[in-house]
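Reproduced below: data-v5.txt, with compact mmCIF, C-alpha atoms and all ligand atoms.
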# COMPACT_ATOMS: atom_id res chain seq x y z
CA MET A 1 205.07 176.03 8.95
CA SER A 2 208.03 177.85 7.48
CA GLN A 3 210.26 176.33 4.86
CA SER A 4 213.09 175.88 7.31
CA GLN A 5 210.82 174.06 9.76
CA ALA A 6 209.57 171.76 6.97
CA ALA A 7 213.12 170.96 5.95
CA SER A 8 214.07 170.27 9.54
CA SER A 9 211.04 168.03 9.97
CA THR A 10 211.93 166.10 6.80
CA GLY A 11 215.47 165.71 8.05
CA ARG A 12 214.28 164.35 11.41
CA THR A 13 211.98 161.89 9.64
CA ALA A 14 214.84 160.71 7.42
CA LEU A 15 217.09 160.35 10.45
CA ALA A 16 214.44 158.36 12.33
CA LEU A 17 213.93 156.09 9.32
CA GLY A 18 217.68 155.59 9.10
CA VAL A 19 217.87 154.59 12.76
CA VAL A 20 214.98 152.16 12.33
CA ALA A 21 216.70 150.65 9.27
CA LEU A 22 219.90 150.25 11.25
CA ILE A 23 218.07 148.50 14.08
CA ILE A 24 216.31 146.15 11.65
CA GLY A 25 219.60 145.44 9.89
CA ALA A 26 221.44 144.72 13.12
CA SER A 27 218.60 142.48 14.33
CA ALA A 28 218.63 140.53 11.07
CA LEU A 29 222.37 140.05 11.33
CA GLY A 30 222.10 138.91 14.93
CA TYR A 31 219.31 136.52 14.03
CA ALA A 32 221.35 135.09 11.18
CA VAL A 33 224.28 134.49 13.54
CA TYR A 34 221.89 132.84 16.01
CA LEU A 35 220.47 130.64 13.27
CA GLY A 36 223.97 129.75 12.19
CA LEU A 37 224.75 128.29 15.58
CA SER A 38 221.65 126.48 16.68
CA GLN A 39 218.96 126.32 14.01
CA LEU A 40 220.99 125.40 11.02
CA PRO A 41 219.50 122.04 10.04
CA SER A 42 216.21 123.62 8.89
CA GLU A 43 218.06 126.48 7.26
CA LEU A 44 220.39 124.05 5.57
CA SER A 45 217.53 122.36 3.77
CA ALA A 46 217.34 125.46 1.58
CA VAL A 47 220.97 125.19 0.60
CA THR A 48 221.41 123.56 -2.77
CA VAL A 49 224.58 121.57 -3.10
CA ASN A 50 224.57 118.94 -5.82
CA VAL A 51 227.96 117.35 -6.19
CA PRO A 52 227.93 113.70 -7.27
CA CYS A 53 229.94 111.58 -4.85
CA SER A 54 229.66 108.65 -2.47
CA THR A 55 231.35 107.06 0.51
CA SER A 56 233.64 105.12 -1.79
CA GLN A 57 234.17 108.07 -4.15
CA PRO A 58 234.23 111.12 -1.82
CA CYS A 59 233.54 114.61 -3.11
CA ALA A 60 236.96 115.86 -1.98
CA ASN A 61 239.78 114.98 0.35
CA LYS A 62 240.08 117.88 2.77
CA THR A 63 242.78 118.29 5.39
CA ILE A 64 241.59 120.70 8.05
CA ARG A 65 244.20 122.36 10.21
CA ILE A 66 242.98 123.53 13.61
CA ASP A 67 245.19 125.56 15.95
CA TRP A 68 244.94 126.39 19.62
CA THR A 69 244.93 130.13 20.21
CA LEU A 70 243.99 132.73 22.82
CA ASP A 71 241.23 135.25 22.26
CA ASP A 72 241.48 138.94 23.14
CA SER A 73 240.69 138.26 26.78
CA GLY A 74 243.17 135.43 27.14
CA GLN A 75 240.74 132.50 26.87
CA ASP A 76 241.62 129.19 25.19
CA ARG A 77 240.08 128.98 21.72
CA TYR A 78 240.26 127.08 18.45
CA ASN A 79 241.29 128.71 15.22
CA PRO A 80 239.24 128.33 13.11
CA GLN A 81 236.13 127.93 15.25
CA TYR A 82 233.73 127.46 12.32
CA ILE A 83 234.31 125.00 9.52
CA THR A 84 232.00 124.22 6.61
CA VAL A 85 232.22 121.11 4.45
CA ILE A 86 229.75 119.21 2.31
CA GLN A 87 228.18 115.81 2.77
CA GLY A 88 230.52 113.36 1.10
CA ASP A 89 233.80 115.14 1.89
CA ASN A 90 236.63 113.00 3.23
CA LEU A 91 238.22 114.74 6.21
CA THR A 92 241.57 114.60 7.95
CA ILE A 93 242.21 116.75 11.03
CA ILE A 94 245.59 118.23 11.94
CA PHE A 95 245.57 119.66 15.46
CA ASN A 96 248.36 122.08 16.40
CA THR A 97 248.87 123.50 19.87
CA ASN A 98 251.77 125.54 21.20
CA ASP A 99 250.49 126.39 24.64
CA THR A 100 253.17 126.86 27.28
CA THR A 101 251.13 125.41 30.14
CA ASP A 102 247.98 123.50 29.20
CA ALA A 103 247.04 120.35 27.33
CA HIS A 104 244.21 120.48 24.77
CA THR A 105 242.09 117.99 22.89
CA PHE A 106 240.08 118.01 19.68
CA THR A 107 236.96 116.04 20.55
CA ILE A 108 233.85 115.62 18.38
CA ASN A 109 230.93 113.22 18.36
CA LEU A 110 230.69 111.05 15.28
CA GLY A 111 227.11 111.93 14.39
CA LEU A 112 228.53 113.53 11.25
CA ARG A 113 229.59 110.04 10.17
CA GLY A 114 226.27 108.47 11.04
CA PHE A 115 227.27 107.11 14.44
CA SER A 116 225.46 107.71 17.70
CA SER A 117 226.20 111.09 19.26
CA SER A 118 227.83 109.33 22.20
CA THR A 119 230.55 107.94 19.92
CA LEU A 120 233.58 110.20 19.99
CA PHE A 121 236.60 110.96 17.83
CA GLN A 122 239.42 112.45 19.87
CA LEU A 123 242.95 113.78 19.41
CA ASN A 124 244.87 114.61 22.59
CA ASN A 125 247.68 117.18 22.60
CA SER A 126 248.75 116.51 26.14
CA TRP A 127 252.39 116.05 27.13
CA THR A 128 254.65 115.47 30.08
CA GLY A 129 254.74 118.63 32.18
CA LEU A 130 251.55 120.25 30.88
CA SER A 131 248.46 120.61 33.05
CA SER A 132 244.73 120.21 32.51
CA GLY A 133 244.10 123.85 33.33
CA GLY A 134 241.65 125.49 35.66
CA PHE A 135 238.29 124.16 34.48
CA ILE A 136 238.59 120.65 35.89
CA THR A 137 238.08 120.17 39.61
CA PRO A 138 240.96 118.54 41.47
CA GLY A 139 240.20 114.88 42.07
CA THR A 140 237.81 114.47 39.13
CA PRO A 141 238.61 112.60 35.90
CA GLY A 142 240.96 114.52 33.66
CA TYR A 143 242.38 116.73 36.38
CA ASN A 144 246.15 116.92 36.30
CA LEU A 145 248.52 119.56 37.58
CA ASN A 146 251.43 118.02 35.70
CA PHE A 147 250.98 115.16 33.27
CA THR A 148 253.79 112.69 33.75
CA GLY A 149 253.63 110.83 30.45
CA LYS A 150 252.59 110.85 26.83
CA PRO A 151 248.90 111.33 26.03
CA ASP A 152 246.26 108.64 26.00
CA GLY A 153 242.49 108.63 25.55
CA CYS A 154 242.48 109.03 21.77
CA ASN A 155 239.70 107.63 19.56
CA ASP A 156 239.67 106.92 15.85
CA ASN A 157 237.01 107.72 13.26
CA ASN A 158 234.94 104.71 14.31
CA GLY A 159 235.09 105.66 17.98
CA ASN A 160 237.60 102.95 18.85
CA THR A 161 240.40 103.61 21.34
CA VAL A 162 243.74 104.08 19.59
CA ALA A 163 247.24 105.10 20.63
CA CYS A 164 247.61 108.86 20.37
CA ASN A 165 249.99 109.93 17.61
CA THR A 166 250.83 113.26 19.26
CA GLN A 167 254.32 114.52 18.47
CA LYS A 168 256.45 117.33 19.80
CA GLN A 169 258.52 119.73 17.78
CA ASP A 170 262.20 120.28 18.63
CA ASP A 171 261.88 123.56 20.54
CA THR A 172 265.50 123.85 21.66
CA ALA A 173 266.06 126.83 19.36
CA ASN A 174 263.25 128.63 21.23
CA GLY A 175 264.49 127.81 24.73
CA GLY A 176 262.33 124.70 24.97
CA THR A 177 263.08 120.98 24.93
CA GLY A 178 263.70 118.47 22.17
CA PRO A 179 261.14 116.17 20.52
CA SER A 180 261.06 113.75 23.45
CA GLY A 181 261.59 116.28 26.23
CA ALA A 182 259.06 117.50 28.74
CA CYS A 183 257.09 120.72 28.54
CA ASN A 184 257.67 122.98 31.51
CA ASN A 185 254.61 124.70 32.86
CA THR A 186 256.35 125.66 36.09
CA ALA A 187 259.00 127.99 34.65
CA SER A 188 258.42 131.68 35.28
CA THR A 189 258.74 132.20 31.53
CA PRO A 190 257.68 128.84 30.11
CA PRO A 191 259.24 127.94 26.76
CA PRO A 192 256.86 126.96 23.97
CA CYS A 193 255.67 123.40 23.67
CA ASN A 194 254.75 122.83 20.06
CA LEU A 195 252.60 119.73 19.69
CA TRP A 196 250.67 118.27 16.80
CA SER A 197 248.55 115.27 16.09
CA ILE A 198 246.73 113.99 13.04
CA GLY A 199 243.54 112.00 12.77
CA TYR A 200 241.64 110.59 9.85
CA LEU A 201 238.01 111.55 10.37
CA GLY A 202 236.72 109.99 7.18
CA VAL A 203 233.71 110.63 4.97
CA VAL A 204 231.05 112.79 6.59
CA ASN A 205 227.70 111.43 5.48
CA THR A 206 225.16 113.17 7.75
CA PRO A 207 224.33 116.88 7.33
CA GLY A 208 224.09 119.05 10.42
CA VAL A 209 226.01 121.26 12.79
CA TYR A 210 228.44 119.41 15.02
CA GLU A 211 230.19 120.89 18.01
CA PHE A 212 233.79 120.01 18.70
CA HIS A 213 235.39 120.86 22.02
CA CYS A 214 238.46 120.59 24.21
CA PHE A 215 237.98 117.99 26.94
CA TYR A 216 239.89 120.16 29.41
CA HIS A 217 238.47 123.57 28.54
CA GLN A 218 234.96 123.01 27.25
CA LYS A 219 233.58 124.85 30.27
CA GLY A 220 235.81 127.78 29.39
CA GLY A 221 234.27 128.01 25.92
CA MET A 222 236.91 126.13 23.95
CA VAL A 223 234.39 124.90 21.40
CA GLY A 224 233.89 125.12 17.66
CA TYR A 225 231.51 123.85 14.99
CA ILE A 226 231.75 121.80 11.83
CA THR A 227 228.80 122.36 9.51
CA VAL A 228 228.12 119.56 7.04
CA LEU A 229 225.99 120.98 4.24
CA PRO A 230 223.47 118.59 2.69
CA ASN A 231 224.49 117.43 -0.76
CA LYS A 232 221.78 116.17 -3.11
CA GLY A 233 224.43 114.42 -5.17
CA PHE A 234 225.65 112.23 -2.31
CA THR A 235 224.80 108.55 -2.19
CA ALA A 236 225.93 106.42 0.71
CU CU A 301 241.98 123.13 25.84

Have the structure of the file written as structure tokens, please.
Amino acid sequence: MSQSQAASSTGRTALALGVVALIIGASALGYAVYLGLSQLPSELSAVTVNVPCSTSQPCANKTIRIDWTLDDSGQDRYNPQYITVIQGDNLTIIFNTNDTTDAHTFTINLGLRGFSSSTLFQLNNSWTGLSSGGFITPGTPGYNLNFTGKPDGCNDNNGNTVACNTQKQDDTANGGTGPSGACNNTASTPPPCNLWSIGYLGVVNTPGVYEFHCFYHQKGGMVGYITVLPNKGFTA
């Protein structure tokens, strides 16, 4: 074997090793993302958080702002989609949506507060003139081409039904309506409909990964996750 052939062979070997390393790296990253979404409870047990706090003396008061947005392909999404807090944090949710056509909800089961997973907390940014969108079959619960009133169906941090506190911004400067006006999803160029609602979620006492979703667009992938990290310093 000549020197040049040996060098070439070494180069090929190095290249092959590099490719293998890349594949292993990419696989590890993909696996970590996978773990992050569905296997987190066992992974979380290795996380060491030790912040002394309790239900009556929460670790921190955290106000989490969640916006409606569209992804690159025009699908309804939350921003942010992934939220991490620690066991013992005291949470308040602000939900902002400025969709021109569709209503959206922030809906999460209250397992993170120690309730049964069938107990829901829900904010509803629906409004007169908006629609439920294309993922609900006409004639089934929730379907609405044009809501004709203010939102209902909201639940508090104990799962009880409460009046929705959804409000509308004065959008007259943007070609929209005032705070009590209707949204217009039938205009060829719909004006914005800036809505917000606020809900006190309370102290999260149960570690885990909890999905939140939009009642109207869950089938379209409008989902997100709140991760509650276990905290050794938390006492109920
Ligand atoms: Cu939605």

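Once all atoms listed in the file are used for the distance check, the residues close to ligand CU 301 (chain A) at 9 Å turn out to be Trp68, Asp76, Arg77, Tyr78, Asp102, Ala103, His104, Thr105, Phe106, Asn125, Ser132, Gly133, His213, Cys214, Phe215, Tyr216, His217, Gln218, Gly220, Met222 and Val223 of chain A.
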
CA of Gln87 in chain A to CA of Phe234 in chain A, straight-line distance in Å
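Those two atoms sit 6.7 Å apart.
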
I need the residue nearest Asn144 in chain A from this list: A:Gly199, A:Gly129, A:Gly114, A:Pro52. Use all atoms listed in the file for the distance.
A:Gly129

Using all atoms listed in the file, list the residues that have an atom at most 10 Å from (249.8, 120.8, 34.9), coordinates as in the file, as a PyMOL selection string.
chain A and resi 101-103+126-134+143-148+183-186

Give me the box for range 182-197 of chain A as lines of an AutoDock Vina configuration file, namely the centre and edge lengths in Å to one decimal of a box along x, y and z that holds every listed atom plus 4 Å on each side.
center_x = 253.9
center_y = 123.7
center_z = 26.1
size_x = 18.7
size_y = 24.9
size_z = 28.0

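Rounded to one decimal, CA of Ser197 in chain A and CA of Leu91 in chain A lie 14.3 Å from each other.
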
Near-Ser116 in chain A list (12 Å; all atoms listed in the file; drop same-chain fewer than 5 positions) as an MDAnalysis selection string
chainID A and resid 108:111 121 158:159 206

To one decimal place in Å, what is the distance between CA of Tyr82 in chain A and CA of Ile198 in chain A?
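Here the two named atoms are 18.7 Å from each other.
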
Around (238.3, 108.1, 14.7), as given in the file, which residues come within 9 Å? Count only C-alpha atoms and list them as a CSV table (one decimal) with C-alpha atoms, in the coordinates of the input.
chain,number,residue,atom,x,y,z
A,110,LEU,CA,230.7,111.0,15.3
A,120,LEU,CA,233.6,110.2,20.0
A,121,PHE,CA,236.6,111.0,17.8
A,122,GLN,CA,239.4,112.4,19.9
A,123,LEU,CA,243.0,113.8,19.4
A,154,CYS,CA,242.5,109.0,21.8
A,155,ASN,CA,239.7,107.6,19.6
A,156,ASP,CA,239.7,106.9,15.8
A,157,ASN,CA,237.0,107.7,13.3
A,158,ASN,CA,234.9,104.7,14.3
A,159,GLY,CA,235.1,105.7,18.0
A,160,ASN,CA,237.6,103.0,18.8
A,161,THR,CA,240.4,103.6,21.3
A,162,VAL,CA,243.7,104.1,19.6
A,199,GLY,CA,243.5,112.0,12.8
A,200,TYR,CA,241.6,110.6,9.8
A,201,LEU,CA,238.0,111.6,10.4
A,202,GLY,CA,236.7,110.0,7.2

Quick one: residues within 6 Å of range 163-168 of chain A, only C-alpha atoms, excluding same-chain residues fewer than 5 positions away - as a PDB file with C-alpha atoms, in the frame of the given file?
ATOM      1  CA  ASP A 152     246.260 108.640  26.000  1.00  0.00           C
ATOM      2  CA  CYS A 154     242.480 109.030  21.770  1.00  0.00           C
ATOM      3  CA  PRO A 179     261.140 116.170  20.520  1.00  0.00           C
ATOM      4  CA  ASN A 194     254.750 122.830  20.060  1.00  0.00           C
ATOM      5  CA  LEU A 195     252.600 119.730  19.690  1.00  0.00           C
ATOM      6  CA  TRP A 196     250.670 118.270  16.800  1.00  0.00           C
ATOM      7  CA  SER A 197     248.550 115.270  16.090  1.00  0.00           C
TER       8      SER A 197
END

Neighbour list for Thr55 in chain A as a PDB file with C-alpha atoms, in the coordinates of the input, cut-off 10 Å, only C-alpha atoms, skip fewer than 4 positions in-chain:
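The file below, selection-v3.pdb, is the result:
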ATOM      1  CA  CYS A  59     233.540 114.610  -3.110  1.00  0.00           C
ATOM      2  CA  GLN A  87     228.180 115.810   2.770  1.00  0.00           C
ATOM      3  CA  GLY A  88     230.520 113.360   1.100  1.00  0.00           C
ATOM      4  CA  ASP A  89     233.800 115.140   1.890  1.00  0.00           C
ATOM      5  CA  ASN A  90     236.630 113.000   3.230  1.00  0.00           C
ATOM      6  CA  GLY A 202     236.720 109.990   7.180  1.00  0.00           C
ATOM      7  CA  VAL A 203     233.710 110.630   4.970  1.00  0.00           C
ATOM      8  CA  VAL A 204     231.050 112.790   6.590  1.00  0.00           C
ATOM      9  CA  ASN A 205     227.700 111.430   5.480  1.00  0.00           C
ATOM     10  CA  PHE A 234     225.650 112.230  -2.310  1.00  0.00           C
ATOM     11  CA  THR A 235     224.800 108.550  -2.190  1.00  0.00           C
ATOM     12  CA  ALA A 236     225.930 106.420   0.710  1.00  0.00           C
TER      13      ALA A 236
END

Would you mind telling me which residue in A:Lys219, A:Thr137, A:Leu229, A:Asp99 lies nearest to Pro190 in chain A when using only C-alpha atoms?
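Residue with the minimum atom-to-atom distance to Pro190 in chain A: A:Asp99.
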
Find the spatial neighbours of Gly233 in chain A, counting only C-alpha atoms, within a cut-off of 7 Å - ignore same-chain residues fewer than 4 positions away - and output them as a ChimeraX atom specification.
/A:50-53
